[in-house]
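The structure under discussion appears below in the form of structure tokens.
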Amino acid sequence: MIAVDSNILVYAHRVDADWHLTAKQTILELAEGRTTWGIPWPCIHEFLAVVSHPRIYNPPSTTRQAIEQVETWLSSPSVVVIGESQDHWDLLKAGLTQGQIKGPMVHDARISAICQAHGVTEFFTADRDFSRFPLLSTRNPLL
């Protein structure tokens, strides 16, 4: 299963983003495809926080626009939303220690652990920090 990071979701949503067209096409191909793809819950939360933040975007997306966008993605018959599993703590702990993670990178370790628990074979992200988690295969679909 391919899973998608919040930055790809943000770029797909925001028409003023440099990578908008490529990100939008990437999500569209996943949403219209037959292969199961996933969005981690923390990535949905982060998407909502980023696109509606007035210090990041001027004007920011309204809460209604952001919710409608998420609902559009969730209407894809091939999407699954993934979250913490029974073995989350063990996976998170391993990611934290192997990657020597601290501070804000704990958020990325959480996403990595969720992806691992759900058998994600490739994580689409533009964030190079995920390279610190060798058990999670990443690809930047924007390049």
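By convention here, the chains of the structure tokens are called A, B, ... in the order presented, each chain's residues are numbered starting at 1, and ligands are numbered starting at 1 in the order presented.
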Exercise: segment 81-89 of chain A partners within 12 Å, only C-alpha atoms, chain neighbours under 5 positions left out, as an NGL selection string | :A and (1-5 or 36-45 or 70-71 or 73-76 or 94-96 or 109-120)
Apply DSSP to the structure's backbone, then extract all residues of chain A labelled strand (DSSP E or B) and return them as a ChimeraX atom specification.
-> /A:2-4,37-40,79-82,122-124,138-139
Selection file, C-alpha atoms, as an mmCIF file, in the first residue's frame:
data_model
loop_
_atom_site.group_PDB
_atom_site.id
_atom_site.type_symbol
_atom_site.label_atom_id
_atom_site.label_comp_id
_atom_site.auth_asym_id
_atom_site.auth_seq_id
_atom_site.Cartn_x
_atom_site.Cartn_y
_atom_site.Cartn_z
ATOM 1 C CA ILE A 2 1.125 3.545 -0.758
ATOM 2 C CA ALA A 3 0.492 6.136 1.953
ATOM 3 C CA VAL A 4 0.591 9.908 1.517
ATOM 4 C CA TRP A 37 -3.744 3.665 -0.735
ATOM 5 C CA GLY A 38 -3.654 5.221 2.701
ATOM 6 C CA ILE A 39 -3.594 8.451 4.594
ATOM 7 C CA PRO A 40 -2.303 8.362 8.185
ATOM 8 C CA VAL A 79 -8.484 4.832 0.327
ATOM 9 C CA VAL A 80 -8.022 3.706 3.915
ATOM 10 C CA VAL A 81 -7.247 5.949 6.846
ATOM 11 C CA ILE A 82 -4.609 4.415 9.057
ATOM 12 C CA GLU A 122 5.933 3.208 -0.088
ATOM 13 C CA PHE A 123 5.354 6.557 1.612
ATOM 14 C CA PHE A 124 4.888 9.530 -0.716
ATOM 15 C CA THR A 138 9.852 6.760 0.810
ATOM 16 C CA ARG A 139 9.504 8.438 -2.554
#
Check the DSSP output for the backbone and give back, as an MDAnalysis selection string, the residues of chain A in helix (DSSP H, G or I).
-> chainID A and resid 6:13 20:32 41:51 63:74 88:98 105:117 128:132
Can I get the selection written as a JSON list (two decimals), in the first residue's frame, with C-alpha atoms?
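New file selection_34.json:
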[["chain", "number", "residue", "atom", "x", "y", "z"],
["A", 6, "SER", "CA", 0.57, 15.81, 4.67],
["A", 7, "ASN", "CA", 2.88, 17.89, 2.46],
["A", 8, "ILE", "CA", 1.66, 16.10, -0.67],
["A", 9, "LEU", "CA", -1.93, 16.63, 0.50],
["A", 10, "VAL", "CA", -1.30, 20.33, 1.12],
["A", 11, "TYR", "CA", 0.25, 20.83, -2.31],
["A", 12, "ALA", "CA", -2.61, 18.95, -3.97],
["A", 13, "HIS", "CA", -5.15, 21.19, -2.24],
["A", 20, "HIS", "CA", 0.12, 21.90, -6.97],
["A", 21, "LEU", "CA", -0.43, 20.33, -10.39],
["A", 22, "THR", "CA", 1.96, 17.43, -9.84],
["A", 23, "ALA", "CA", 0.65, 16.72, -6.34],
["A", 24, "LYS", "CA", -2.97, 16.97, -7.47],
["A", 25, "GLN", "CA", -2.31, 14.52, -10.31],
["A", 26, "THR", "CA", -0.55, 12.14, -7.91],
["A", 27, "ILE", "CA", -3.52, 12.10, -5.53],
["A", 28, "LEU", "CA", -5.99, 11.83, -8.41],
["A", 29, "GLU", "CA", -4.20, 8.76, -9.78],
["A", 30, "LEU", "CA", -4.28, 7.13, -6.36],
["A", 31, "ALA", "CA", -7.92, 8.05, -5.71],
["A", 32, "GLU", "CA", -9.10, 6.79, -9.09],
["A", 41, "TRP", "CA", -4.60, 10.18, 10.63],
["A", 42, "PRO", "CA", -1.75, 12.46, 11.80],
["A", 43, "CYS", "CA", -1.30, 13.59, 8.17],
["A", 44, "ILE", "CA", -4.97, 14.54, 7.94],
["A", 45, "HIS", "CA", -4.65, 16.51, 11.18],
["A", 46, "GLU", "CA", -1.52, 18.26, 9.96],
["A", 47, "PHE", "CA", -3.11, 19.01, 6.57],
["A", 48, "LEU", "CA", -6.05, 20.70, 8.32],
["A", 49, "ALA", "CA", -3.73, 22.72, 10.55],
["A", 50, "VAL", "CA", -1.44, 23.88, 7.74],
["A", 51, "VAL", "CA", -3.95, 24.87, 5.04],
["A", 63, "THR", "CA", -12.27, 25.21, 7.70],
["A", 64, "ARG", "CA", -15.14, 24.28, 5.40],
["A", 65, "GLN", "CA", -12.84, 24.11, 2.34],
["A", 66, "ALA", "CA", -10.34, 21.95, 4.22],
["A", 67, "ILE", "CA", -13.03, 19.60, 5.51],
["A", 68, "GLU", "CA", -14.56, 19.29, 2.04],
["A", 69, "GLN", "CA", -11.14, 18.42, 0.63],
["A", 70, "VAL", "CA", -10.60, 15.67, 3.18],
["A", 71, "GLU", "CA", -14.09, 14.32, 2.53],
["A", 72, "THR", "CA", -13.34, 14.23, -1.20],
["A", 73, "TRP", "CA", -10.23, 12.13, -0.58],
["A", 74, "LEU", "CA", -12.08, 9.88, 1.86],
["A", 88, "HIS", "CA", 2.34, 1.07, 18.00],
["A", 89, "TRP", "CA", 4.48, 1.61, 21.09],
["A", 90, "ASP", "CA", 7.02, -1.04, 20.07],
["A", 91, "LEU", "CA", 7.27, 0.35, 16.53],
["A", 92, "LEU", "CA", 7.48, 3.95, 17.77],
["A", 93, "LYS", "CA", 10.11, 3.08, 20.37],
["A", 94, "ALA", "CA", 12.23, 1.32, 17.75],
["A", 95, "GLY", "CA", 11.97, 4.28, 15.37],
["A", 96, "LEU", "CA", 12.87, 6.75, 18.10],
["A", 97, "THR", "CA", 15.97, 4.86, 19.17],
["A", 98, "GLN", "CA", 17.20, 3.77, 15.71],
["A", 105, "MET", "CA", 10.78, 14.67, 14.70],
["A", 106, "VAL", "CA", 8.71, 12.53, 17.09],
["A", 107, "HIS", "CA", 5.73, 13.43, 14.87],
["A", 108, "ASP", "CA", 7.49, 11.82, 11.89],
["A", 109, "ALA", "CA", 8.39, 8.77, 13.98],
["A", 110, "ARG", "CA", 4.70, 8.39, 14.84],
["A", 111, "ILE", "CA", 3.75, 8.47, 11.15],
["A", 112, "SER", "CA", 6.51, 5.98, 10.32],
["A", 113, "ALA", "CA", 5.29, 3.57, 13.01],
["A", 114, "ILE", "CA", 1.71, 3.83, 11.76],
["A", 115, "CYS", "CA", 2.82, 3.12, 8.19],
["A", 116, "GLN", "CA", 4.89, 0.13, 9.26],
["A", 117, "ALA", "CA", 1.99, -1.33, 11.25],
["A", 128, "ARG", "CA", 13.65, 14.18, 3.47],
["A", 129, "ASP", "CA", 13.55, 13.73, 7.26],
["A", 130, "PHE", "CA", 11.74, 10.42, 6.74],
["A", 131, "SER", "CA", 15.04, 8.97, 5.51],
["A", 132, "ARG", "CA", 15.88, 8.58, 9.21]]
